[in-house]
$ cat protein_37.tsv   # TSV, C-alpha atoms and all ligand atoms
chain	number	residue	atom	x	y	z
A	1	MET	CA	-19.75	-13.74	11.24
A	2	LYS	CA	-23.28	-15.20	11.41
A	3	ILE	CA	-26.76	-14.26	12.50
A	4	LYS	CA	-28.59	-16.60	14.89
A	5	ILE	CA	-31.93	-16.67	16.64
A	6	PHE	CA	-32.33	-17.43	20.34
A	7	GLU	CA	-35.65	-18.62	21.81
A	8	ASN	CA	-37.61	-17.35	18.79
A	9	ASN	CA	-37.45	-13.70	19.83
A	10	VAL	CA	-33.81	-12.63	20.16
A	11	VAL	CA	-31.48	-11.96	17.21
A	12	LEU	CA	-27.80	-12.57	17.83
A	13	VAL	CA	-24.64	-11.91	15.88
A	14	ASN	CA	-22.10	-14.65	16.31
A	15	HIS	CA	-18.54	-13.40	15.90
A	16	SER	CA	-15.34	-15.23	16.96
A	17	ASN	CA	-17.41	-17.71	19.02
A	18	GLU	CA	-19.12	-14.93	20.95
A	19	ASN	CA	-22.75	-13.88	20.69
A	20	PHE	CA	-23.93	-10.27	20.71
A	21	GLU	CA	-27.61	-9.38	20.84
A	22	ILE	CA	-28.82	-6.96	18.16
A	23	HIS	CA	-31.06	-4.31	19.68
A	24	PRO	CA	-34.67	-4.84	18.49
A	25	LEU	CA	-35.01	-1.11	17.76
A	26	TRP	CA	-31.91	-1.24	15.49
A	27	LEU	CA	-33.64	-3.97	13.51
A	28	ARG	CA	-37.02	-2.24	13.56
A	29	GLU	CA	-35.42	0.94	12.09
A	30	ARG	CA	-34.30	-1.17	9.15
A	31	ALA	CA	-37.72	-2.61	8.35
A	32	LYS	CA	-38.66	-1.38	4.88
A	33	THR	CA	-42.31	-1.95	4.20
A	34	GLU	CA	-44.16	0.28	1.75
A	35	ASN	CA	-45.58	2.37	4.59
A	36	LEU	CA	-42.24	2.82	6.28
A	37	VAL	CA	-39.95	3.92	3.42
A	38	ASP	CA	-40.51	5.68	0.12
A	39	LYS	CA	-40.25	3.15	-2.69
A	40	TYR	CA	-38.53	5.60	-5.05
A	41	ASN	CA	-35.73	6.88	-2.83
A	42	ASP	CA	-35.44	4.42	0.07
A	43	GLN	CA	-35.87	7.23	2.61
A	44	ARG	CA	-37.80	6.76	5.86
A	45	LEU	CA	-41.29	8.19	6.05
A	46	TYR	CA	-41.26	8.45	9.87
A	47	ASP	CA	-38.97	9.60	12.67
A	48	PRO	CA	-37.36	6.48	14.22
A	49	SER	CA	-36.58	8.36	17.45
A	50	GLN	CA	-40.33	8.33	18.09
A	51	LEU	CA	-40.46	4.53	18.13
A	52	ASP	CA	-41.02	2.81	21.48
A	53	PRO	CA	-37.47	2.32	22.88
A	54	SER	CA	-38.61	-0.83	24.68
A	55	ILE	CA	-39.93	-2.40	21.48
A	56	LYS	CA	-39.38	-6.17	21.34
A	57	ILE	CA	-39.34	-8.94	18.78
A	58	LYS	CA	-42.50	-10.99	19.05
A	59	LYS	CA	-41.49	-13.73	16.62
A	60	ALA	CA	-38.29	-14.50	14.73
A	61	SER	CA	-37.45	-17.16	12.16
A	62	MET	CA	-34.74	-17.81	9.57
A	63	ASP	CA	-35.28	-19.24	6.14
A	64	ASN	CA	-32.84	-19.58	3.26
A	65	GLY	CA	-30.77	-16.44	3.92
A	66	HIS	CA	-33.75	-14.43	5.14
A	67	LEU	CA	-34.63	-13.30	8.64
A	68	ASN	CA	-38.36	-12.90	9.30
A	69	LEU	CA	-39.27	-10.69	12.21
A	70	GLU	CA	-42.51	-9.57	13.79
A	71	PHE	CA	-42.23	-6.71	16.30
A	72	THR	CA	-44.48	-5.93	19.26
A	73	ASP	CA	-45.82	-2.88	17.38
A	74	GLY	CA	-47.23	-5.20	14.71
A	75	ILE	CA	-44.65	-4.52	11.96
A	76	LYS	CA	-43.48	-7.60	10.07
A	77	PHE	CA	-40.49	-7.62	7.74
A	78	GLU	CA	-38.27	-10.08	5.90
A	79	TYR	CA	-34.57	-9.04	6.03
A	80	LYS	CA	-31.78	-10.31	3.84
A	81	VAL	CA	-29.21	-11.70	6.28
A	82	ASN	CA	-26.35	-10.65	3.99
A	83	ASN	CA	-27.52	-7.04	4.05
A	84	LEU	CA	-27.53	-7.00	7.85
A	85	LEU	CA	-24.08	-8.59	8.06
A	86	TYR	CA	-22.73	-6.16	5.49
A	87	GLU	CA	-23.88	-3.20	7.53
A	88	ILE	CA	-22.60	-4.62	10.83
A	89	ASP	CA	-19.19	-5.45	9.39
A	90	ARG	CA	-18.89	-2.78	6.72
A	91	LYS	CA	-15.53	-1.43	5.68
A	92	GLU	CA	-15.02	2.04	4.28
A	93	PRO	CA	-13.04	2.35	1.02
A	94	THR	CA	-10.46	4.39	2.92
A	95	GLU	CA	-9.66	1.43	5.20
A	96	ASN	CA	-8.34	-0.64	2.34
A	97	ILE	CA	-4.98	1.06	1.76
A	98	ILE	CA	-1.55	-0.16	0.72
A	99	LEU	CA	1.39	1.98	1.80
A	100	TRP	CA	4.08	2.34	-0.86
A	101	ASP	CA	7.48	3.87	-1.49
A	102	SER	CA	9.80	4.13	-4.49
A	103	ASN	CA	9.91	0.31	-4.70
A	104	LEU	CA	6.33	0.38	-5.99
A	105	LYS	CA	6.60	-2.08	-8.85
A	106	LYS	CA	3.59	-1.16	-10.93
A	107	LYS	CA	1.77	2.13	-10.92
A	108	PRO	CA	-2.02	1.63	-10.81
A	109	THR	CA	-3.07	2.30	-14.39
A	110	ALA	CA	-6.33	2.09	-16.33
A	111	VAL	CA	-6.99	2.43	-20.04
A	112	PHE	CA	-9.85	4.79	-20.69
A	113	GLU	CA	-12.77	3.41	-22.72
A	114	LYS	CA	-16.20	4.70	-23.70
A	115	ASP	CA	-18.73	4.67	-20.83
A	116	ILE	CA	-16.03	3.51	-18.40
A	117	PHE	CA	-17.85	5.26	-15.55
A	118	GLU	CA	-20.72	2.78	-15.82
A	119	LYS	CA	-18.57	-0.35	-16.16
A	120	LYS	CA	-17.22	-2.80	-13.64
A	121	VAL	CA	-13.67	-1.85	-14.61
A	122	MET	CA	-14.33	1.54	-13.00
A	123	TYR	CA	-15.06	-0.22	-9.72
A	124	ASP	CA	-11.64	-1.89	-9.90
A	125	VAL	CA	-10.00	1.43	-10.80
A	126	LEU	CA	-11.60	3.17	-7.82
A	127	GLN	CA	-10.54	0.32	-5.53
A	128	ASP	CA	-6.97	0.88	-6.78
A	129	PHE	CA	-7.34	4.59	-6.20
A	130	TYR	CA	-8.18	3.99	-2.53
A	131	LYS	CA	-5.43	1.39	-2.15
A	132	TYR	CA	-2.64	3.52	-3.59
A	133	GLY	CA	-3.98	7.07	-3.40
A	134	PHE	CA	-3.63	7.54	-7.15
A	135	VAL	CA	-4.45	6.10	-10.56
A	136	ILE	CA	-3.19	7.01	-14.03
A	137	PHE	CA	-5.73	6.81	-16.86
A	138	LYS	CA	-4.28	6.35	-20.36
A	139	ASN	CA	-5.87	7.42	-23.67
A	140	ILE	CA	-8.13	10.15	-22.36
A	141	PRO	CA	-9.41	12.23	-25.31
A	142	VAL	CA	-7.08	15.19	-25.80
A	143	GLU	CA	-9.69	17.96	-25.71
A	144	GLU	CA	-9.32	21.27	-23.92
A	145	ASN	CA	-12.05	20.81	-21.30
A	146	TYR	CA	-12.49	17.06	-21.34
A	147	ILE	CA	-11.35	16.96	-17.72
A	148	VAL	CA	-14.58	18.72	-16.71
A	149	ASN	CA	-16.67	15.91	-18.30
A	150	PHE	CA	-14.39	13.35	-16.69
A	151	ALA	CA	-14.71	14.86	-13.21
A	152	ASN	CA	-18.47	15.29	-13.50
A	153	SER	CA	-18.85	11.66	-14.56
A	154	ILE	CA	-17.44	10.57	-11.20
A	155	GLY	CA	-18.91	13.27	-9.01
A	156	THR	CA	-19.07	17.04	-9.01
A	157	ILE	CA	-16.20	19.43	-9.63
A	158	ARG	CA	-15.08	21.48	-6.65
A	159	PRO	CA	-14.29	24.98	-7.92
A	160	THR	CA	-11.49	26.86	-6.13
A	161	ASN	CA	-10.00	30.35	-6.35
A	162	PHE	CA	-8.34	29.09	-9.57
A	163	GLY	CA	-11.76	28.45	-11.12
A	164	GLU	CA	-13.68	25.32	-12.07
A	165	SER	CA	-10.55	23.99	-13.75
A	166	PHE	CA	-7.08	25.46	-14.16
A	167	SER	CA	-4.32	25.39	-16.77
A	168	VAL	CA	-0.86	24.29	-15.67
A	169	LYS	CA	1.56	25.98	-18.03
A	170	SER	CA	4.27	28.58	-17.79
A	171	VAL	CA	2.77	32.10	-17.95
A	172	PRO	CA	4.11	35.63	-17.37
A	173	GLU	CA	3.43	37.12	-13.89
A	174	PRO	CA	2.07	33.85	-12.42
A	175	ASN	CA	-0.08	33.99	-9.25
A	176	ASP	CA	1.28	30.55	-8.27
A	177	LEU	CA	4.64	28.83	-8.84
A	178	ALA	CA	2.76	25.98	-10.55
A	179	TYR	CA	2.40	28.32	-13.52
A	180	THR	CA	6.15	28.56	-14.13
A	181	SER	CA	8.69	26.08	-15.46
A	182	ILE	CA	10.69	25.75	-12.22
A	183	ALA	CA	10.84	22.51	-10.22
A	184	LEU	CA	8.09	22.03	-7.66
A	185	THR	CA	9.11	20.13	-4.53
A	186	PRO	CA	6.59	17.59	-3.15
A	187	HIS	CA	3.54	19.36	-1.80
A	188	THR	CA	-0.16	19.02	-1.20
A	189	ASP	CA	-2.41	21.49	-2.97
A	190	ASN	CA	-4.32	24.35	-1.39
A	191	PRO	CA	-3.73	23.61	2.32
A	192	TYR	CA	-4.95	27.18	2.88
A	193	ARG	CA	-8.48	26.32	1.71
A	194	LYS	CA	-11.40	25.44	4.02
A	195	PRO	CA	-12.10	22.66	3.25
A	196	ILE	CA	-8.96	21.50	1.46
A	197	PRO	CA	-9.72	19.99	-1.98
A	198	CYS	CA	-9.75	16.20	-1.71
A	199	ILE	CA	-8.79	14.75	-5.09
A	200	GLN	CA	-6.81	16.41	-7.83
A	201	LEU	CA	-7.17	15.46	-11.50
A	202	LEU	CA	-4.42	16.46	-13.95
A	203	HIS	CA	-4.93	15.84	-17.65
A	204	CYS	CA	-1.90	16.10	-19.94
A	205	LEU	CA	-2.80	17.84	-23.20
A	206	GLU	CA	0.73	18.60	-24.44
A	207	ASN	CA	4.15	17.43	-23.37
A	208	GLU	CA	6.97	18.16	-25.77
A	209	VAL	CA	9.69	18.93	-23.20
A	210	LYS	CA	12.42	16.58	-21.97
A	211	GLY	CA	12.00	17.56	-18.29
A	212	GLY	CA	8.81	18.30	-16.37
A	213	PHE	CA	8.58	14.82	-14.87
A	214	SER	CA	5.77	14.31	-12.40
A	215	THR	CA	6.64	13.15	-8.89
A	216	LEU	CA	4.47	11.48	-6.26
A	217	VAL	CA	5.07	10.53	-2.63
A	218	ASP	CA	2.81	8.51	-0.34
A	219	GLY	CA	2.51	10.90	2.62
A	220	PHE	CA	0.91	8.17	4.75
A	221	SER	CA	3.88	5.91	4.12
A	222	VAL	CA	6.35	8.63	5.19
A	223	SER	CA	4.21	9.38	8.26
A	224	GLU	CA	4.19	5.73	9.32
A	225	TYR	CA	7.96	5.61	8.83
A	226	LEU	CA	8.30	8.60	11.17
A	227	ARG	CA	5.91	7.08	13.71
A	228	LYS	CA	8.06	3.95	13.81
A	229	ASN	CA	11.53	5.47	13.73
A	230	HIS	CA	11.25	8.99	15.19
A	231	LYS	CA	8.47	8.97	17.80
A	232	ASP	CA	9.09	12.45	19.25
A	233	LEU	CA	9.41	14.12	15.87
A	234	PHE	CA	6.29	12.32	14.65
A	235	LYS	CA	4.45	13.52	17.76
A	236	ILE	CA	5.25	17.20	17.29
A	237	LEU	CA	4.15	17.07	13.63
A	238	THR	CA	0.81	15.62	14.75
A	239	LYS	CA	0.32	18.24	17.51
A	240	THR	CA	1.43	21.52	15.91
A	241	LYS	CA	-1.12	23.38	13.85
A	242	VAL	CA	0.58	25.36	11.08
A	243	ARG	CA	-1.00	28.31	9.28
A	244	PHE	CA	-1.11	28.08	5.49
A	245	ARG	CA	-1.65	31.30	3.59
A	246	PHE	CA	-2.29	32.18	-0.05
A	247	VAL	CA	-2.19	35.80	-1.16
A	248	ASP	CA	-3.70	37.00	-4.43
A	249	LYS	CA	-4.70	40.42	-5.74
A	250	THR	CA	-8.27	40.33	-4.38
A	251	ILE	CA	-8.23	37.58	-1.75
A	252	ILE	CA	-6.12	36.22	1.12
A	253	LEU	CA	-6.94	32.63	2.05
A	254	GLU	CA	-5.81	30.96	5.29
A	255	ASN	CA	-6.30	27.67	7.09
A	256	TRP	CA	-4.60	25.89	10.00
A	257	GLY	CA	-3.67	22.25	10.28
A	258	GLU	CA	-1.07	19.71	11.36
A	259	LEU	CA	1.52	18.44	8.87
A	260	ILE	CA	0.32	14.98	9.93
A	261	GLU	CA	-3.27	14.86	11.13
A	262	LEU	CA	-4.48	11.82	13.08
A	263	ASP	CA	-8.03	10.59	13.56
A	264	ASP	CA	-9.60	9.55	16.89
A	265	ASN	CA	-7.96	6.12	16.58
A	266	ASN	CA	-4.48	7.59	15.95
A	267	LYS	CA	-4.60	6.54	12.31
A	268	ILE	CA	-3.20	8.97	9.73
A	269	LYS	CA	-6.11	11.03	8.45
A	270	GLN	CA	-4.47	13.68	6.29
A	271	VAL	CA	-1.07	15.17	5.47
A	272	ARG	CA	-0.40	18.79	4.56
A	273	TYR	CA	2.84	20.10	3.14
A	274	SER	CA	3.65	23.20	1.18
A	275	THR	CA	6.99	24.88	1.70
A	276	ARG	CA	5.78	27.92	-0.20
A	277	LEU	CA	2.86	28.71	2.04
A	278	ASP	CA	3.43	27.53	5.63
A	279	TYR	CA	3.80	29.66	8.78
A	280	VAL	CA	4.44	27.88	12.07
A	281	PRO	CA	3.13	29.72	15.18
A	282	ALA	CA	5.64	31.46	17.51
A	283	LEU	CA	5.95	28.59	19.99
A	284	GLU	CA	8.47	28.38	22.81
A	285	LYS	CA	12.02	28.23	21.48
A	286	LYS	CA	12.65	24.67	22.70
A	287	GLU	CA	9.42	23.42	21.16
A	288	LEU	CA	10.20	25.13	17.87
A	289	GLU	CA	13.64	23.54	17.86
A	290	ILE	CA	11.97	20.12	17.86
A	291	PHE	CA	9.39	21.21	15.30
A	292	TYR	CA	12.07	22.53	12.93
A	293	GLU	CA	14.06	19.33	13.31
A	294	ALA	CA	10.92	17.32	12.53
A	295	ARG	CA	9.98	19.51	9.55
A	296	LYS	CA	13.50	19.21	8.12
A	297	LEU	CA	13.35	15.43	8.46
A	298	ILE	CA	9.91	15.09	6.85
A	299	SER	CA	11.01	17.43	4.05
A	300	ASP	CA	14.11	15.27	3.43
A	301	LEU	CA	11.99	12.11	3.46
A	302	TYR	CA	9.40	13.53	1.07
A	303	ALA	CA	12.18	14.46	-1.36
A	304	SER	CA	14.20	11.28	-0.90
A	305	SER	CA	14.61	8.55	-3.48
A	306	LYS	CA	13.38	6.10	-0.83
A	307	PHE	CA	9.84	7.46	-1.10
A	308	GLU	CA	9.47	9.47	-4.31
A	309	ILE	CA	8.40	8.02	-7.64
A	310	LYS	CA	9.04	9.95	-10.83
A	311	PHE	CA	7.42	9.46	-14.23
A	312	ARG	CA	6.50	11.30	-17.37
A	313	LEU	CA	2.89	12.21	-18.06
A	314	GLU	CA	2.26	11.62	-21.75
A	315	LYS	CA	-0.27	13.41	-23.93
A	316	GLY	CA	-3.66	11.85	-23.11
A	317	ASP	CA	-2.70	10.69	-19.60
A	318	LEU	CA	-4.84	11.71	-16.67
A	319	LEU	CA	-3.47	11.50	-13.15
A	320	MET	CA	-6.03	11.21	-10.36
A	321	MET	CA	-4.51	11.63	-6.89
A	322	ASP	CA	-5.64	11.95	-3.30
A	323	ASN	CA	-4.59	15.40	-2.13
A	324	HIS	CA	-5.08	14.41	1.53
A	325	ARG	CA	-2.67	11.47	1.26
A	326	LEU	CA	-0.19	12.03	-1.58
A	327	LEU	CA	2.29	14.79	-2.25
A	328	HIS	CA	3.03	15.72	-5.82
A	329	GLY	CA	5.62	17.80	-7.60
A	330	ARG	CA	7.46	18.10	-10.87
A	331	THR	CA	10.99	18.53	-12.14
A	332	SER	CA	11.90	21.73	-13.96
A	333	TYR	CA	11.68	22.02	-17.73
A	334	ASP	CA	12.90	24.24	-20.50
A	335	VAL	CA	10.10	26.19	-22.22
A	336	SER	CA	12.26	26.61	-25.35
A	337	GLU	CA	11.97	22.84	-25.99
A	338	GLY	CA	8.25	22.97	-26.65
A	339	LYS	CA	4.86	22.97	-24.97
A	340	ARG	CA	3.91	21.42	-21.64
A	341	TYR	CA	0.25	21.90	-20.87
A	342	LEU	CA	-1.84	20.20	-18.21
A	343	LYS	CA	-5.42	20.91	-17.28
A	344	GLY	CA	-6.42	20.32	-13.67
A	345	CYS	CA	-9.43	20.33	-11.38
A	346	TYR	CA	-10.57	18.98	-8.02
A	347	ILE	CA	-13.35	16.70	-6.84
A	348	ASP	CA	-14.47	15.64	-3.37
A	349	HIS	CA	-13.86	12.30	-1.69
A	350	ASP	CA	-17.55	11.62	-1.34
A	351	SER	CA	-17.82	11.70	-5.15
A	352	THR	CA	-15.49	8.73	-5.56
A	353	GLU	CA	-16.78	6.91	-2.50
A	354	GLY	CA	-20.34	7.42	-3.74
A	355	LYS	CA	-19.44	6.16	-7.20
A	356	LEU	CA	-17.72	3.14	-5.70
A	357	ARG	CA	-20.79	2.23	-3.62
A	358	TYR	CA	-23.03	2.76	-6.64
A	359	LEU	CA	-20.93	0.42	-8.82
A	360	GLU	CA	-20.75	-2.06	-5.95
A	361	ARG	CA	-24.55	-2.15	-5.81
A	362	LYS	CA	-24.95	-2.15	-9.60
A	363	PHE	CA	-22.72	-5.19	-10.07
A	364	GLY	CA	-23.70	-6.95	-6.80
A	365	LEU	CA	-20.06	-6.95	-5.70
A	366	LYS	CA	-20.25	-6.30	-2.00
A	367	TRP	CA	-20.14	-9.97	-0.94
A	368	LYS	CA	-16.86	-10.59	-2.72
A	369	LYS	CA	-14.84	-8.55	-0.23
A	401	FE	FE	0.26	21.30	-6.97
$ encode --input "protein_37.tsv" --output "structure tokens"
Amino acid sequence: MKIKIFENNVVLVNHSNENFEIHPLWLRERAKTENLVDKYNDQRLYDPSQLDPSIKIKKASMDNGHLNLEFTDGIKFEYKVNNLLYEIDRKEPTENIILWDSNLKKKPTAVFEKDIFEKKVMYDVLQDFYKYGFVIFKNIPVEENYIVNFANSIGTIRPTNFGESFSVKSVPEPNDLAYTSIALTPHTDNPYRKPIPCIQLLHCLENEVKGGFSTLVDGFSVSEYLRKNHKDLFKILTKTKVRFRFVDKTIILENWGELIELDDNNKIKQVRYSTRLDYVPALEKKELEIFYEARKLISDLYASSKFEIKFRLEKGDLLMMDNHRLLHGRTSYDVSEGKRYLKGCYIDHDSTEGKLRYLERKFGLKWKK
């Protein structure tokens, strides 16, 4: 992709041997003189919708990676060509994904180090997070609330009905099955919340038991498998909104959503799955027959050795996983063998995406894509 000038007053993007004219107003909106944007925060000081829509380029020239423009309203600005190309062709972190199943050779892993959140290695870790939907950090300080510092160093914690952070250990009279020692089948967390928490962090503070293995499944990978091999069943899972419900002593939370949610381009946007909390609407019997067949199949696939990976979280490990893409679970354990104690919390996607863009800018990495 290149930028070219035509007859000294038209800016073109050349892509696959075709030229597209860039609207002069689009360029004018991106002019950043001292009078047009605030030098401290890069925000516009005017309303661009008030600009003359028929504005034109009076003069255009290119010089050593810079595009110099003068507009008919008198504004002159020198653009970096790379910045314009980056914006025209930009990719979101979420576009760069690798689907995986139980053949995944190497789990994305990072060794924690001091000030990691300001280092280039964190950029690579976040790239891995978006590729695989999870990352395991090793050697995180084993301190009761360290996870809060960790989460707030990437973005901002999202509190839920379980608090700012929560303790995953077996307790008497639990308000959630997570707080027992029984096996948890693959699920996504809190599908009953509006909005649903995006990223879950789980920090292992104690693990003395033989069982209690963590399990992960790439929900996008299973969904694509269904799309390819079971079109009708895939379709009903993408069309049926299920009600998810959580009941506690002082609150009842509910939200609706498809087990496989697609975006406007039919790409997988989000998966939801929680066998403890789902209530399908009373659809016509025939339709429900197909839905139940589809739900049984996706349940079998989520639990199958074809898709599930299983590993032990060691003391000091921190698992960071995308709750909109991955399902997680654990095998049962015996409380008489010792302690198993994890601390968890949630953060939003825009925290990690924002951190990734920040590190990209800090280390001038965007042109290496
Ligand atoms: Fe969970």
$ atom_distance --input "protein_37.tsv" --atom1 "atom CA of Lys138 of chain A" --atom2 "atom CA of Val111 of chain A"
4.8 Å
$ closest_residue --input "protein_37.tsv" --among "A:Phe234, A:Tyr179, A:Phe220, A:Phe244" --to "ligand FE 401 (chain A)" --atoms "all atoms listed in the file"
A:Tyr179
$ residues_near_point --input "protein_37.tsv" --point "(-9.4, 9.1, -20.9)" --cutoff "8 Å" --atoms "only C-alpha atoms" --output "PyMOL selection string"
chain A and resi 111-113+137-141+150+316-318
$ atom_distance --input "protein_37.tsv" --atom1 "atom CA of Thr352 of chain A" --atom2 "atom CA of Ile154 of chain A"
6.2 Å
$ residues_near_ligand --input "protein_37.tsv" --ligand "ligand FE 401 (chain A)" --cutoff "9 Å" --atoms "only C-alpha atoms and all ligand atoms" --output "list in words"
Leu177, Ala178, Leu184, Pro186, His187, Thr188, Asp189, Asn190, Gln200, Leu327, His328, Gly329 and Arg330 of chain A
$ write_last_selection --input "protein_37.tsv" --atoms "C-alpha atoms" --output "PDB file, in the frame of the given file"
ATOM      1  CA  LEU A 177       4.640  28.830  -8.840  1.00  0.00           C
ATOM      2  CA  ALA A 178       2.760  25.980 -10.550  1.00  0.00           C
ATOM      3  CA  LEU A 184       8.090  22.030  -7.660  1.00  0.00           C
ATOM      4  CA  PRO A 186       6.590  17.590  -3.150  1.00  0.00           C
ATOM      5  CA  HIS A 187       3.540  19.360  -1.800  1.00  0.00           C
ATOM      6  CA  THR A 188      -0.160  19.020  -1.200  1.00  0.00           C
ATOM      7  CA  ASP A 189      -2.410  21.490  -2.970  1.00  0.00           C
ATOM      8  CA  ASN A 190      -4.320  24.350  -1.390  1.00  0.00           C
ATOM      9  CA  GLN A 200      -6.810  16.410  -7.830  1.00  0.00           C
ATOM     10  CA  LEU A 327       2.290  14.790  -2.250  1.00  0.00           C
ATOM     11  CA  HIS A 328       3.030  15.720  -5.820  1.00  0.00           C
ATOM     12  CA  GLY A 329       5.620  17.800  -7.600  1.00  0.00           C
ATOM     13  CA  ARG A 330       7.460  18.100 -10.870  1.00  0.00           C
TER      14      ARG A 330
END
$ closest_atom_pairs --input "protein_37.tsv" --of "segment 45-162 of chain A" --to "segment 253-273 of chain A" --cutoff "12 Å" --atoms "all atoms listed in the file" --output "tab-separated table"
residue	atom	partner	partner_atom	distance
A:Thr94	CA	A:Lys269	CA	9.7
A:Glu95	CA	A:Lys267	CA	10.1
A:Ile97	CA	A:Ile268	CA	11.4
A:Leu99	CA	A:Ile268	CA	11.5
A:Gly133	CA	A:Gln270	CA	11.7
A:Thr160	CA	A:Leu253	CA	11.0
A:Asn161	CA	A:Leu253	CA	9.2
$ closest_residue --input "protein_37.tsv" --among "A:Phe246, A:Phe20, A:Tyr130, A:Tyr79" --to "Thr33 of chain A" --atoms "all atoms listed in the file"
A:Tyr79
$ atom_distance --input "protein_37.tsv" --atom1 "atom CA of Thr275 of chain A" --atom2 "atom CA of Leu301 of chain A"
13.8 Å
$ residues_around --input "protein_37.tsv" --residues "Asp52 of chain A" --least-positions-apart "4" --cutoff "9 Å" --atoms "all atoms listed in the file" --output "PyMOL selection string"
chain A and resi 25+48+73
$ residues_around --input "protein_37.tsv" --residues "Phe77 of chain A" --least-positions-apart "5" --cutoff "7 Å" --atoms "only C-alpha atoms" --output "list in words"
Ala31, Thr33, Asn68, Leu69 and Glu70 of chain A
$ axis_aligned_box --input "protein_37.tsv" --around "segment 150-161 of chain A" --padding-each-side "3 Å" --output "lines of an AutoDock Vina configuration file"
center_x = -14.5
center_y = 20.5
center_z = -11.4
size_x = 15.1
size_y = 25.8
size_z = 16.6
$ closest_residue --input "protein_37.tsv" --among "A:Asn19, A:Asn64, A:Ser332, A:Asn41" --to "Phe213 of chain A" --atoms "all atoms listed in the file"
A:Ser332
$ closest_residue --input "protein_37.tsv" --among "A:Leu126, A:Ala183, A:Leu237, A:Val37" --to "Ser170 of chain A" --atoms "all atoms listed in the file"
A:Ala183
$ closest_atom_pairs --input "protein_37.tsv" --of "segment 62-158 of chain A" --to "segment 357-364 of chain A" --cutoff "12 Å" --atoms "only C-alpha atoms" --output "CSV"
residue,atom,partner,partner_atom,distance
A:Asn82,CA,A:Gly364,CA,11.7
A:Asn83,CA,A:Arg361,CA,11.4
A:Arg90,CA,A:Arg357,CA,11.6
A:Lys91,CA,A:Arg357,CA,11.3
A:Glu92,CA,A:Arg357,CA,9.8
A:Pro93,CA,A:Arg357,CA,9.0
A:Ile116,CA,A:Leu359,CA,11.2
A:Phe117,CA,A:Leu359,CA,8.8
A:Glu118,CA,A:Leu359,CA,7.4
A:Lys119,CA,A:Leu359,CA,7.7
A:Lys120,CA,A:Leu359,CA,6.9
A:Val121,CA,A:Leu359,CA,9.6
A:Met122,CA,A:Leu359,CA,7.9
A:Tyr123,CA,A:Leu359,CA,6.0
A:Asp124,CA,A:Leu359,CA,9.6
A:Val125,CA,A:Leu359,CA,11.2
A:Leu126,CA,A:Leu359,CA,9.8
A:Gln127,CA,A:Glu360,CA,10.5
A:Ile154,CA,A:Tyr358,CA,10.6
A:Gly155,CA,A:Tyr358,CA,11.5
$ build_atoms --input "protein_37.tsv" --residues "segment 215-223 of chain A" --atoms "N, CA, C and O atoms" --output "PDB file, in the frame of the given file"
ATOM      1  N   THR A 215       6.181  13.930 -10.044  1.00  0.00           N
ATOM      2  CA  THR A 215       6.640  13.150  -8.890  1.00  0.00           C
ATOM      3  C   THR A 215       5.470  12.938  -7.933  1.00  0.00           C
ATOM      4  O   THR A 215       4.573  13.782  -7.832  1.00  0.00           O
ATOM      5  N   LEU A 216       5.483  11.785  -7.274  1.00  0.00           N
ATOM      6  CA  LEU A 216       4.470  11.480  -6.260  1.00  0.00           C
ATOM      7  C   LEU A 216       5.146  10.850  -5.052  1.00  0.00           C
ATOM      8  O   LEU A 216       6.126  10.115  -5.195  1.00  0.00           O
ATOM      9  N   VAL A 217       4.592  11.135  -3.879  1.00  0.00           N
ATOM     10  CA  VAL A 217       5.070  10.530  -2.630  1.00  0.00           C
ATOM     11  C   VAL A 217       3.836  10.134  -1.823  1.00  0.00           C
ATOM     12  O   VAL A 217       2.869  10.898  -1.756  1.00  0.00           O
ATOM     13  N   ASP A 218       3.900   8.944  -1.215  1.00  0.00           N
ATOM     14  CA  ASP A 218       2.810   8.510  -0.340  1.00  0.00           C
ATOM     15  C   ASP A 218       3.054   9.130   1.046  1.00  0.00           C
ATOM     16  O   ASP A 218       3.887   8.640   1.824  1.00  0.00           O
ATOM     17  N   GLY A 219       2.337  10.194   1.347  1.00  0.00           N
ATOM     18  CA  GLY A 219       2.510  10.900   2.620  1.00  0.00           C
ATOM     19  C   GLY A 219       2.187  10.011   3.816  1.00  0.00           C
ATOM     20  O   GLY A 219       2.779  10.162   4.893  1.00  0.00           O
ATOM     21  N   PHE A 220       1.256   9.072   3.644  1.00  0.00           N
ATOM     22  CA  PHE A 220       0.910   8.170   4.750  1.00  0.00           C
ATOM     23  C   PHE A 220       2.072   7.221   5.041  1.00  0.00           C
ATOM     24  O   PHE A 220       2.332   6.866   6.181  1.00  0.00           O
ATOM     25  N   SER A 221       2.757   6.815   3.969  1.00  0.00           N
ATOM     26  CA  SER A 221       3.880   5.910   4.120  1.00  0.00           C
ATOM     27  C   SER A 221       5.018   6.607   4.884  1.00  0.00           C
ATOM     28  O   SER A 221       5.611   6.039   5.809  1.00  0.00           O
ATOM     29  N   VAL A 222       5.304   7.849   4.498  1.00  0.00           N
ATOM     30  CA  VAL A 222       6.350   8.630   5.190  1.00  0.00           C
ATOM     31  C   VAL A 222       5.949   8.844   6.650  1.00  0.00           C
ATOM     32  O   VAL A 222       6.771   8.700   7.566  1.00  0.00           O
ATOM     33  N   SER A 223       4.679   9.144   6.885  1.00  0.00           N
ATOM     34  CA  SER A 223       4.210   9.380   8.260  1.00  0.00           C
ATOM     35  C   SER A 223       4.381   8.133   9.120  1.00  0.00           C
ATOM     36  O   SER A 223       4.812   8.219  10.273  1.00  0.00           O
TER      37      SER A 223
END
